[in-house]
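Everything below belongs to model.cif, which stores mmCIF, C-alpha atoms.
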```cif
data_run
loop_
_atom_site.group_PDB
_atom_site.id
_atom_site.type_symbol
_atom_site.label_atom_id
_atom_site.label_comp_id
_atom_site.auth_asym_id
_atom_site.auth_seq_id
_atom_site.Cartn_x
_atom_site.Cartn_y
_atom_site.Cartn_z
ATOM 1 C CA MET A 3 40.176 28.076 12.693
ATOM 2 C CA GLN A 4 39.024 31.581 11.786
ATOM 3 C CA TYR A 5 41.746 34.153 12.279
ATOM 4 C CA HIS A 6 41.115 37.785 13.158
ATOM 5 C CA PHE A 7 43.289 39.505 10.585
ATOM 6 C CA SER A 8 44.325 43.086 11.166
ATOM 7 C CA LYS A 9 44.166 45.435 8.237
ATOM 8 C CA GLY A 10 46.907 44.458 5.798
ATOM 9 C CA LEU A 11 48.157 41.437 7.787
ATOM 10 C CA ASN A 12 49.629 38.868 5.404
ATOM 11 C CA PRO A 13 47.601 35.640 5.850
ATOM 12 C CA ALA A 14 50.230 33.529 4.065
ATOM 13 C CA ILE A 15 52.544 33.876 7.065
ATOM 14 C CA LEU A 16 49.918 32.488 9.453
ATOM 15 C CA ASN A 17 49.205 29.601 7.134
ATOM 16 C CA GLU A 18 52.923 28.835 7.141
ATOM 17 C CA ILE A 19 53.051 29.000 10.945
ATOM 18 C CA THR A 20 50.037 26.778 11.621
ATOM 19 C CA LYS A 21 50.692 24.042 9.053
ATOM 20 C CA LYS A 22 52.023 21.434 11.484
ATOM 21 C CA ASP A 23 51.819 17.673 12.047
ATOM 22 C CA PHE A 24 49.939 17.813 15.335
ATOM 23 C CA ASN A 25 49.774 14.057 15.752
ATOM 24 C CA ALA A 26 53.574 13.888 15.678
ATOM 25 C CA ILE A 27 53.732 16.842 18.060
ATOM 26 C CA GLN A 28 51.474 15.210 20.652
ATOM 27 C CA GLU A 29 53.488 11.994 20.508
ATOM 28 C CA LYS A 30 56.748 13.886 20.988
ATOM 29 C CA ILE A 31 55.374 15.800 23.972
ATOM 30 C CA GLY A 32 53.985 12.582 25.458
ATOM 31 C CA SER A 33 57.384 10.893 25.180
ATOM 32 C CA PHE A 34 58.984 13.980 26.689
ATOM 33 C CA LEU A 35 56.741 13.804 29.766
ATOM 34 C CA ILE A 36 57.228 10.071 30.249
ATOM 35 C CA ASP A 37 61.004 10.292 29.809
ATOM 36 C CA GLU A 38 61.429 13.263 32.139
ATOM 37 C CA ILE A 39 59.424 11.619 34.924
ATOM 38 C CA ARG A 40 61.585 8.520 34.649
ATOM 39 C CA GLU A 41 64.958 10.209 34.216
ATOM 40 C CA ARG A 42 64.403 12.650 37.083
ATOM 41 C CA ARG A 43 63.120 9.873 39.344
ATOM 42 C CA SER A 44 59.914 11.789 39.880
ATOM 43 C CA GLN A 45 56.561 10.364 40.881
ATOM 44 C CA GLY A 46 54.594 12.477 38.420
ATOM 45 C CA VAL A 47 53.675 15.967 37.233
ATOM 46 C CA ILE A 48 51.592 18.853 38.536
ATOM 47 C CA PHE A 49 50.198 21.877 36.711
ATOM 48 C CA GLY A 50 47.852 24.787 37.203
ATOM 49 C CA LEU A 51 44.591 24.575 35.265
ATOM 50 C CA SER A 52 43.047 27.985 34.643
ATOM 51 C CA GLY A 53 40.266 27.251 32.190
ATOM 52 C CA GLY A 54 42.297 28.827 29.382
ATOM 53 C CA ILE A 55 43.603 27.221 26.229
ATOM 54 C CA ASP A 56 47.265 26.645 27.147
ATOM 55 C CA SER A 57 46.620 24.784 30.393
ATOM 56 C CA ALA A 58 43.754 22.915 28.714
ATOM 57 C CA VAL A 59 46.223 21.551 26.167
ATOM 58 C CA ILE A 60 48.532 20.510 29.029
ATOM 59 C CA ALA A 61 45.617 18.763 30.750
ATOM 60 C CA VAL A 62 44.675 16.747 27.663
ATOM 61 C CA LEU A 63 48.276 15.686 27.055
ATOM 62 C CA CYS A 64 48.726 14.643 30.688
ATOM 63 C CA ALA A 65 45.491 12.663 30.593
ATOM 64 C CA LYS A 66 46.580 10.908 27.419
ATOM 65 C CA PHE A 67 50.116 10.010 28.436
ATOM 66 C CA VAL A 68 50.539 10.210 32.245
ATOM 67 C CA ARG A 69 47.024 10.326 33.716
ATOM 68 C CA GLU A 70 47.804 8.271 36.824
ATOM 69 C CA LYS A 71 50.820 10.464 37.552
ATOM 70 C CA SER A 72 49.170 13.867 37.115
ATOM 71 C CA LEU A 73 47.667 16.414 39.479
ATOM 72 C CA ALA A 74 45.861 19.561 38.340
ATOM 73 C CA LEU A 75 45.450 22.525 40.663
ATOM 74 C CA ILE A 76 42.560 24.894 39.961
ATOM 75 C CA MET A 77 43.345 28.130 41.815
ATOM 76 C CA PRO A 78 40.790 30.869 41.151
ATOM 77 C CA SER A 79 40.623 34.215 42.899
ATOM 78 C CA ALA A 80 36.926 34.927 43.423
ATOM 79 C CA LYS A 81 37.036 38.680 42.719
ATOM 80 C CA ILE A 82 39.228 38.331 39.624
ATOM 81 C CA THR A 83 38.681 34.943 38.007
ATOM 82 C CA PRO A 84 35.549 34.732 35.834
ATOM 83 C CA PRO A 85 33.290 31.921 37.142
ATOM 84 C CA SER A 86 33.193 30.484 33.623
ATOM 85 C CA ASP A 87 36.959 29.849 33.786
ATOM 86 C CA THR A 88 36.617 27.791 36.958
ATOM 87 C CA ASP A 89 33.621 25.938 35.523
ATOM 88 C CA ASP A 90 35.548 25.129 32.350
ATOM 89 C CA ALA A 91 38.514 23.872 34.363
ATOM 90 C CA ILE A 92 36.348 21.599 36.529
ATOM 91 C CA LYS A 93 34.483 20.249 33.510
ATOM 92 C CA MET A 94 37.809 19.465 31.880
ATOM 93 C CA VAL A 95 39.309 17.482 34.773
ATOM 94 C CA ASP A 96 36.025 15.624 35.201
ATOM 95 C CA SER A 97 35.877 14.669 31.529
ATOM 96 C CA LEU A 98 39.549 13.672 31.491
ATOM 97 C CA HIS A 99 39.348 11.789 34.825
ATOM 98 C CA LEU A 100 42.313 13.692 36.224
ATOM 99 C CA GLU A 101 43.034 14.107 39.913
ATOM 100 C CA TYR A 102 42.628 17.732 40.924
ATOM 101 C CA LYS A 103 42.383 20.119 43.842
ATOM 102 C CA LEU A 104 40.356 23.332 43.901
ATOM 103 C CA ILE A 105 42.035 26.026 46.004
ATOM 104 C CA GLU A 106 40.594 29.545 46.281
ATOM 105 C CA ILE A 107 43.547 31.933 46.562
ATOM 106 C CA GLY A 108 41.637 35.198 46.945
ATOM 107 C CA PHE A 109 41.791 35.254 50.737
ATOM 108 C CA ILE A 110 45.530 34.447 50.672
ATOM 109 C CA HIS A 111 46.116 37.273 48.214
ATOM 110 C CA LYS A 112 44.056 39.667 50.341
ATOM 111 C CA GLU A 113 45.980 38.763 53.475
ATOM 112 C CA TYR A 114 49.217 39.941 51.878
ATOM 113 C CA SER A 115 47.720 43.397 51.355
ATOM 114 C CA LYS A 116 47.637 43.927 55.113
ATOM 115 C CA TYR A 117 51.422 43.847 55.337
ATOM 116 C CA ILE A 118 52.841 45.307 52.118
ATOM 117 C CA GLU A 119 52.847 48.745 50.492
ATOM 118 C CA PRO A 120 50.341 49.222 47.651
ATOM 119 C CA SER A 121 51.334 48.663 44.012
ATOM 120 C CA PRO A 122 48.591 47.497 41.626
ATOM 121 C CA LEU A 123 50.959 45.888 39.108
ATOM 122 C CA ALA A 124 53.086 44.140 41.718
ATOM 123 C CA PHE A 125 49.965 43.012 43.569
ATOM 124 C CA GLY A 126 48.571 41.513 40.357
ATOM 125 C CA ASN A 127 51.782 39.592 39.755
ATOM 126 C CA LEU A 128 51.700 38.453 43.361
ATOM 127 C CA GLY A 129 48.638 36.364 42.499
ATOM 128 C CA ALA A 130 50.683 34.406 39.968
ATOM 129 C CA ARG A 131 53.451 33.929 42.529
ATOM 130 C CA ILE A 132 50.971 32.644 45.118
ATOM 131 C CA ARG A 133 49.854 30.004 42.617
ATOM 132 C CA SER A 134 53.491 29.088 41.996
ATOM 133 C CA ASN A 135 54.057 28.683 45.741
ATOM 134 C CA ILE A 136 51.149 26.272 46.008
ATOM 135 C CA LEU A 137 52.220 24.300 42.942
ATOM 136 C CA TYR A 138 55.703 23.845 44.348
ATOM 137 C CA TYR A 139 54.331 22.932 47.766
ATOM 138 C CA TYR A 140 52.518 19.948 46.273
ATOM 139 C CA ALA A 141 55.417 19.181 43.956
ATOM 140 C CA ASN A 142 57.700 19.059 46.986
ATOM 141 C CA ALA A 143 55.268 16.951 48.998
ATOM 142 C CA ARG A 144 54.717 14.416 46.220
ATOM 143 C CA ASN A 145 58.046 14.486 44.385
ATOM 144 C CA TYR A 146 56.307 15.830 41.281
ATOM 145 C CA LEU A 147 57.623 18.021 38.470
ATOM 146 C CA VAL A 148 55.882 21.340 37.826
ATOM 147 C CA LEU A 149 54.684 21.810 34.260
ATOM 148 C CA GLY A 150 54.558 25.335 32.895
ATOM 149 C CA SER A 151 51.815 26.091 30.397
ATOM 150 C CA GLY A 152 53.534 28.995 28.658
ATOM 151 C CA ASP A 153 53.594 28.940 24.857
ATOM 152 C CA LYS A 154 56.317 30.226 22.520
ATOM 153 C CA SER A 155 54.603 33.568 21.930
ATOM 154 C CA GLU A 156 54.505 34.361 25.650
ATOM 155 C CA PHE A 157 57.960 32.947 26.277
ATOM 156 C CA LEU A 158 59.672 35.044 23.604
ATOM 157 C CA ILE A 159 58.108 38.361 24.646
ATOM 158 C CA GLY A 160 58.307 37.653 28.371
ATOM 159 C CA TYR A 161 54.562 37.713 28.840
ATOM 160 C CA PHE A 162 54.585 35.867 32.145
ATOM 161 C CA THR A 163 55.325 36.619 35.769
ATOM 162 C CA LYS A 164 58.891 35.882 36.787
ATOM 163 C CA TYR A 165 58.803 33.184 39.487
ATOM 164 C CA GLY A 166 55.032 33.116 39.018
ATOM 165 C CA ASP A 167 53.498 31.371 36.020
ATOM 166 C CA GLY A 168 57.020 31.417 34.587
ATOM 167 C CA ALA A 169 58.252 29.066 37.342
ATOM 168 C CA ALA A 170 58.386 25.479 36.109
ATOM 169 C CA ASP A 171 60.516 22.374 35.837
ATOM 170 C CA LEU A 172 59.284 21.477 32.360
ATOM 171 C CA LEU A 173 57.789 23.531 29.516
ATOM 172 C CA PRO A 174 55.973 21.041 27.274
ATOM 173 C CA ILE A 175 54.396 23.518 24.829
ATOM 174 C CA ALA A 176 56.909 26.382 24.793
ATOM 175 C CA SER A 177 57.951 25.493 21.234
ATOM 176 C CA LEU A 178 54.464 26.247 19.907
ATOM 177 C CA TYR A 179 53.172 29.725 19.095
ATOM 178 C CA LYS A 180 49.728 30.711 20.373
ATOM 179 C CA THR A 181 48.192 30.383 16.907
ATOM 180 C CA GLN A 182 49.678 26.879 16.694
ATOM 181 C CA ILE A 183 48.277 26.100 20.142
ATOM 182 C CA ARG A 184 44.815 27.039 18.901
ATOM 183 C CA GLU A 185 45.114 24.583 16.024
ATOM 184 C CA PHE A 186 46.601 21.951 18.341
ATOM 185 C CA ALA A 187 43.697 22.399 20.762
ATOM 186 C CA LYS A 188 41.259 21.860 17.925
ATOM 187 C CA PHE A 189 43.141 18.681 16.966
ATOM 188 C CA LEU A 190 42.972 17.477 20.593
ATOM 189 C CA GLY A 191 39.208 17.992 20.758
ATOM 190 C CA ILE A 192 39.244 20.778 23.337
ATOM 191 C CA PRO A 193 35.843 22.546 23.539
ATOM 192 C CA GLN A 194 35.458 25.477 21.161
ATOM 193 C CA ASN A 195 34.474 27.883 23.942
ATOM 194 C CA ILE A 196 37.933 27.392 25.486
ATOM 195 C CA ILE A 197 39.718 27.701 22.142
ATOM 196 C CA SER A 198 37.970 30.956 21.270
ATOM 197 C CA LYS A 199 38.170 32.460 24.775
ATOM 198 C CA PRO A 200 40.376 35.589 24.999
ATOM 199 C CA SER A 201 43.690 34.552 26.533
ATOM 200 C CA GLY A 202 44.845 36.277 29.679
ATOM 201 C CA PRO A 203 46.704 35.684 32.951
ATOM 202 C CA ARG A 204 43.760 37.109 34.969
ATOM 203 C CA LEU A 205 45.984 39.119 37.304
ATOM 204 C CA TRP A 206 43.253 41.727 37.700
ATOM 205 C CA GLU A 207 39.619 42.002 36.713
ATOM 206 C CA GLY A 208 39.088 42.050 32.940
ATOM 207 C CA HIS A 209 42.761 41.310 32.250
ATOM 208 C CA THR A 210 43.405 39.938 28.736
ATOM 209 C CA ALA A 211 46.688 39.350 26.941
ATOM 210 C CA GLU A 212 45.846 41.025 23.640
ATOM 211 C CA GLY A 213 44.388 43.995 25.483
ATOM 212 C CA GLU A 214 47.594 44.510 27.452
ATOM 213 C CA ILE A 215 49.993 43.800 24.581
ATOM 214 C CA GLY A 216 48.040 45.965 22.164
ATOM 215 C CA LEU A 217 48.308 43.517 19.261
ATOM 216 C CA THR A 218 46.506 40.324 18.315
ATOM 217 C CA TYR A 219 48.282 36.999 18.636
ATOM 218 C CA GLU A 220 48.054 36.675 14.860
ATOM 219 C CA GLU A 221 50.187 39.808 14.620
ATOM 220 C CA VAL A 222 52.513 38.831 17.478
ATOM 221 C CA ASP A 223 53.138 35.367 16.045
ATOM 222 C CA SER A 224 53.696 36.648 12.521
ATOM 223 C CA ILE A 225 56.326 39.046 13.845
ATOM 224 C CA LEU A 226 58.068 36.521 16.077
ATOM 225 C CA TYR A 227 58.046 33.831 13.397
ATOM 226 C CA CYS A 228 59.681 36.104 10.854
ATOM 227 C CA ILE A 229 62.329 37.387 13.250
ATOM 228 C CA PHE A 230 63.237 34.163 15.073
ATOM 229 C CA ASP A 231 62.327 31.349 12.678
ATOM 230 C CA LYS A 232 63.045 33.057 9.368
ATOM 231 C CA ASN A 233 65.883 35.235 10.743
ATOM 232 C CA LEU A 234 64.548 38.404 9.125
ATOM 233 C CA SER A 235 65.349 41.944 10.171
ATOM 234 C CA ILE A 236 62.751 44.266 11.668
ATOM 235 C CA GLU A 237 62.443 46.049 8.327
ATOM 236 C CA GLU A 238 62.100 42.788 6.368
ATOM 237 C CA THR A 239 59.545 41.500 8.875
ATOM 238 C CA ALA A 240 57.427 44.622 8.574
ATOM 239 C CA LYS A 241 57.463 44.359 4.798
ATOM 240 C CA LEU A 242 56.646 40.645 4.648
ATOM 241 C CA THR A 243 53.906 40.687 7.299
ATOM 242 C CA ASP A 244 52.350 44.017 6.270
ATOM 243 C CA ILE A 245 52.560 45.095 9.916
ATOM 244 C CA SER A 246 53.832 48.572 10.756
ATOM 245 C CA ILE A 247 57.501 48.793 11.584
ATOM 246 C CA SER A 248 56.616 50.446 14.908
ATOM 247 C CA ASN A 249 54.589 47.398 15.987
ATOM 248 C CA VAL A 250 57.275 45.007 14.797
ATOM 249 C CA ASP A 251 59.850 46.916 16.822
ATOM 250 C CA LYS A 252 57.503 46.985 19.813
ATOM 251 C CA ILE A 253 57.390 43.185 19.922
ATOM 252 C CA TYR A 254 61.139 42.915 19.365
ATOM 253 C CA GLN A 255 61.790 45.309 22.237
ATOM 254 C CA MET A 256 59.485 43.265 24.487
ATOM 255 C CA HIS A 257 61.708 40.279 23.690
ATOM 256 C CA LYS A 258 64.893 42.200 24.472
ATOM 257 C CA ARG A 259 63.621 43.728 27.719
ATOM 258 C CA SER A 260 62.394 40.378 29.032
ATOM 259 C CA GLU A 261 65.642 38.482 28.490
ATOM 260 C CA HIS A 262 66.183 38.272 32.257
ATOM 261 C CA LYS A 263 63.032 36.142 32.541
ATOM 262 C CA ARG A 264 64.407 33.443 30.256
ATOM 263 C CA ILE A 265 67.797 32.920 31.883
ATOM 264 C CA THR A 266 69.037 31.772 35.257
ATOM 265 C CA PRO A 267 70.235 34.459 37.698
ATOM 266 C CA LYS A 268 73.552 35.974 36.666
ATOM 267 C CA VAL A 269 76.479 34.988 38.857
ATOM 268 C CA CYS A 270 79.188 37.488 39.715
ATOM 269 C CA ALA A 271 82.405 35.986 38.339
ATOM 270 C CA LEU A 272 85.316 36.318 40.739
#
```

As structure tokens, the full file:
Amino acid sequence: MQYHFSKGLNPAILNEITKKDFNAIQEKIGSFLIDEIRERRSQGVIFGLSGGIDSAVIAVLCAKFVREKSLALIMPSAKITPPSDTDDAIKMVDSLHLEYKLIEIGFIHKEYSKYIEPSPLAFGNLGARIRSNILYYYANARNYLVLGSGDKSEFLIGYFTKYGDGAADLLPIASLYKTQIREFAKFLGIPQNIISKPSGPRLWEGHTAEGEIGLTYEEVDSILYCIFDKNLSIEETAKLTDISISNVDKIYQMHKRSEHKRITPKVCAL
């Protein structure tokens, strides 16, 4: 994998992050899926397939370990989703022989706009919540568990829509940083065009994760790894990664501000 290093970024940290036993990881995730289906008395699993790298990894793992108990939902929005994403998703389910449904959500999304006050950000997040609604509809109908495709990078900084793409029963890859996911995808034989595609939730036209965050995933992962895996301070992280202290603090503050996304609703104690 060729990394896009920012000026001064310490490559040794990324090498440390991505040196993993991916065969052992896939076996552990496979056992996790099988065990959870059995223990929860579920009939299978369902997940959204976007054409991006995270959901592609989920698709390959489901095909390998629980193919007959898996359903993929491809839910593009015609005016927002690049056609290449939908094409990649369809090619993937066809090659993996997974059951899938293709549901265009653009008209559903548009219908909402007739009844609610305008807010571009909220309306973008609404698209993710529409997909969540449909996933849970089929999960309810089939007694399936919803798989989230969020990775550790997105989970720690809250880069997901609450009750949208953040809604799930199981998070199979949330212990892997995005840079690890890229290496894992390569190990799994996922097409290079998906691996190298800019990640993004596609909540509006041209929406990419790195563009919105303002840092590359190589930078984000280096920061998160040092703070949460190596237990370093912001100052120590900046020094070790060769990333400015302002950017290190930016990522740390994203983690702090998004805490509410990672916990269950707070109950008023009486």

Subject >> Residues matched by the PyMOL selection byres ((chain A and resi 53) around 10) as a ChimeraX atom specification >> reply: /A:50-52,54-58,76,78,83-94,196,199,201

Original post:
By how many Å are CA of Glu212 (chain A) and CA of His257 (chain A) apart?
Top reply: 15.9 Å

**OP:** Could you list the residues chosen by the PyMOL selection byres ((chain A and resi 68) around 12) in this structure as a ChimeraX atom specification?
**Re:** /A:31-40,45-48,60-67,69-73,98-101

Subject >> Of the listed residues A:Pro200, A:Ala141, A:Leu242, A:Gly126, that which approaches Ala74 (chain A) most closely, counting only C-alpha atoms >> reply: A:Ala141

Subject >> Distance in Å - CA of Glu238 (chain A) versus CA of Glu18 (chain A) >> reply: 16.7 Å

Got a sec: who's within 10 Å of region 109-125 of chain A, counting all atoms listed in the file, leaving out chain neighbours fewer than 6 positions off, as a compact mmCIF listing (two decimals) with C-alpha atoms, in the frame of the given file?
```txt
# COMPACT_ATOMS: atom_id res chain seq x y z
CA SER A 79 40.62 34.22 42.90
CA ALA A 80 36.93 34.93 43.42
CA LYS A 81 37.04 38.68 42.72
CA ARG A 131 53.45 33.93 42.53
CA ILE A 132 50.97 32.64 45.12
CA ARG A 133 49.85 30.00 42.62
CA THR A 163 55.32 36.62 35.77
CA LEU A 205 45.98 39.12 37.30
CA TRP A 206 43.25 41.73 37.70
```

Subject >> Sphere at (54.1, 32.7, 22.6), radius 9 Å, counting all atoms listed in the file: residues as a ChimeraX atom specification >> reply: /A:152-161,176-181,219,222-223,226

Subject >> From A:Lys30, A:Ile225, A:Gly129, A:Arg204, residue lying nearest Ser246 (chain A) [all atoms listed in the file] >> reply: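 With all atoms listed in the file as the atom set, the closest residue is A:Ile225.
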
Residues within 10 Å of (52.0, 48.5, 25.5), file coords, all atoms listed in the file, listed as a PDB file with C-alpha atoms, in the coordinates of the input:
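Once everything was written out, this is point.pdb:
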```pdb
ATOM      1  CA  GLU A 212      45.846  41.025  23.640  1.00  0.00           C
ATOM      2  CA  GLY A 213      44.388  43.995  25.483  1.00  0.00           C
ATOM      3  CA  GLU A 214      47.594  44.510  27.452  1.00  0.00           C
ATOM      4  CA  ILE A 215      49.993  43.800  24.581  1.00  0.00           C
ATOM      5  CA  GLY A 216      48.040  45.965  22.164  1.00  0.00           C
ATOM      6  CA  LEU A 217      48.308  43.517  19.261  1.00  0.00           C
ATOM      7  CA  ASN A 249      54.589  47.398  15.987  1.00  0.00           C
ATOM      8  CA  LYS A 252      57.503  46.985  19.813  1.00  0.00           C
ATOM      9  CA  ILE A 253      57.390  43.185  19.922  1.00  0.00           C
ATOM     10  CA  MET A 256      59.485  43.265  24.487  1.00  0.00           C
TER      11      MET A 256
END
```

**OP:** Record the distance separating CA of Asp167 (chain A) and CA of Lys258 (chain A), expressed in Å with one decimal.
**Re:**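 Straight-line distance from CA of Asp167 (chain A) to CA of Lys258 (chain A) works out to 19.5 Å.
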
Writing C-alpha atoms and nothing else, produce region 17-57 of chain A as a PDB file, in the first residue's frame.
```pdb
ATOM      1  CA  ASN A  17       4.177   0.915   9.822  1.00  0.00           C
ATOM      2  CA  GLU A  18       3.532   0.081  13.469  1.00  0.00           C
ATOM      3  CA  ILE A  19      -0.222   0.538  13.013  1.00  0.00           C
ATOM      4  CA  THR A  20      -0.581  -1.567   9.863  1.00  0.00           C
ATOM      5  CA  LYS A  21       1.643  -4.505  10.822  1.00  0.00           C
ATOM      6  CA  LYS A  22      -1.151  -6.942  11.680  1.00  0.00           C
ATOM      7  CA  ASP A  23      -1.951 -10.643  11.274  1.00  0.00           C
ATOM      8  CA  PHE A  24      -4.885 -10.212   8.914  1.00  0.00           C
ATOM      9  CA  ASN A  25      -5.548 -13.920   8.571  1.00  0.00           C
ATOM     10  CA  ALA A  26      -6.081 -14.167  12.329  1.00  0.00           C
ATOM     11  CA  ILE A  27      -8.233 -11.041  12.210  1.00  0.00           C
ATOM     12  CA  GLN A  28     -10.554 -12.423   9.529  1.00  0.00           C
ATOM     13  CA  GLU A  29     -10.964 -15.679  11.440  1.00  0.00           C
ATOM     14  CA  LYS A  30     -11.807 -13.818  14.644  1.00  0.00           C
ATOM     15  CA  ILE A  31     -14.390 -11.652  12.886  1.00  0.00           C
ATOM     16  CA  GLY A  32     -15.875 -14.718  11.185  1.00  0.00           C
ATOM     17  CA  SER A  33     -16.257 -16.488  14.532  1.00  0.00           C
ATOM     18  CA  PHE A  34     -17.765 -13.324  15.975  1.00  0.00           C
ATOM     19  CA  LEU A  35     -20.458 -13.218  13.280  1.00  0.00           C
ATOM     20  CA  ILE A  36     -21.285 -16.911  13.570  1.00  0.00           C
ATOM     21  CA  ASP A  37     -21.426 -16.797  17.374  1.00  0.00           C
ATOM     22  CA  GLU A  38     -23.568 -13.663  17.526  1.00  0.00           C
ATOM     23  CA  ILE A  39     -26.119 -15.047  15.065  1.00  0.00           C
ATOM     24  CA  ARG A  40     -26.414 -18.198  17.145  1.00  0.00           C
ATOM     25  CA  GLU A  41     -26.390 -16.613  20.595  1.00  0.00           C
ATOM     26  CA  ARG A  42     -28.948 -13.946  19.681  1.00  0.00           C
ATOM     27  CA  ARG A  43     -31.179 -16.515  17.978  1.00  0.00           C
ATOM     28  CA  SER A  44     -31.065 -14.502  14.789  1.00  0.00           C
ATOM     29  CA  GLN A  45     -31.631 -15.779  11.279  1.00  0.00           C
ATOM     30  CA  GLY A  46     -28.744 -13.827   9.782  1.00  0.00           C
ATOM     31  CA  VAL A  47     -27.174 -10.423   9.166  1.00  0.00           C
ATOM     32  CA  ILE A  48     -27.919  -7.404   6.997  1.00  0.00           C
ATOM     33  CA  PHE A  49     -25.681  -4.505   5.996  1.00  0.00           C
ATOM     34  CA  GLY A  50     -25.584  -1.521   3.694  1.00  0.00           C
ATOM     35  CA  LEU A  51     -23.180  -1.821   0.766  1.00  0.00           C
ATOM     36  CA  SER A  52     -22.076   1.560  -0.556  1.00  0.00           C
ATOM     37  CA  GLY A  53     -19.279   0.691  -2.947  1.00  0.00           C
ATOM     38  CA  GLY A  54     -16.714   2.005  -0.459  1.00  0.00           C
ATOM     39  CA  ILE A  55     -13.931   0.134   1.268  1.00  0.00           C
ATOM     40  CA  ASP A  56     -15.451  -0.440   4.725  1.00  0.00           C
ATOM     41  CA  SER A  57     -18.684  -2.030   3.529  1.00  0.00           C
TER      42      SER A  57
END
```
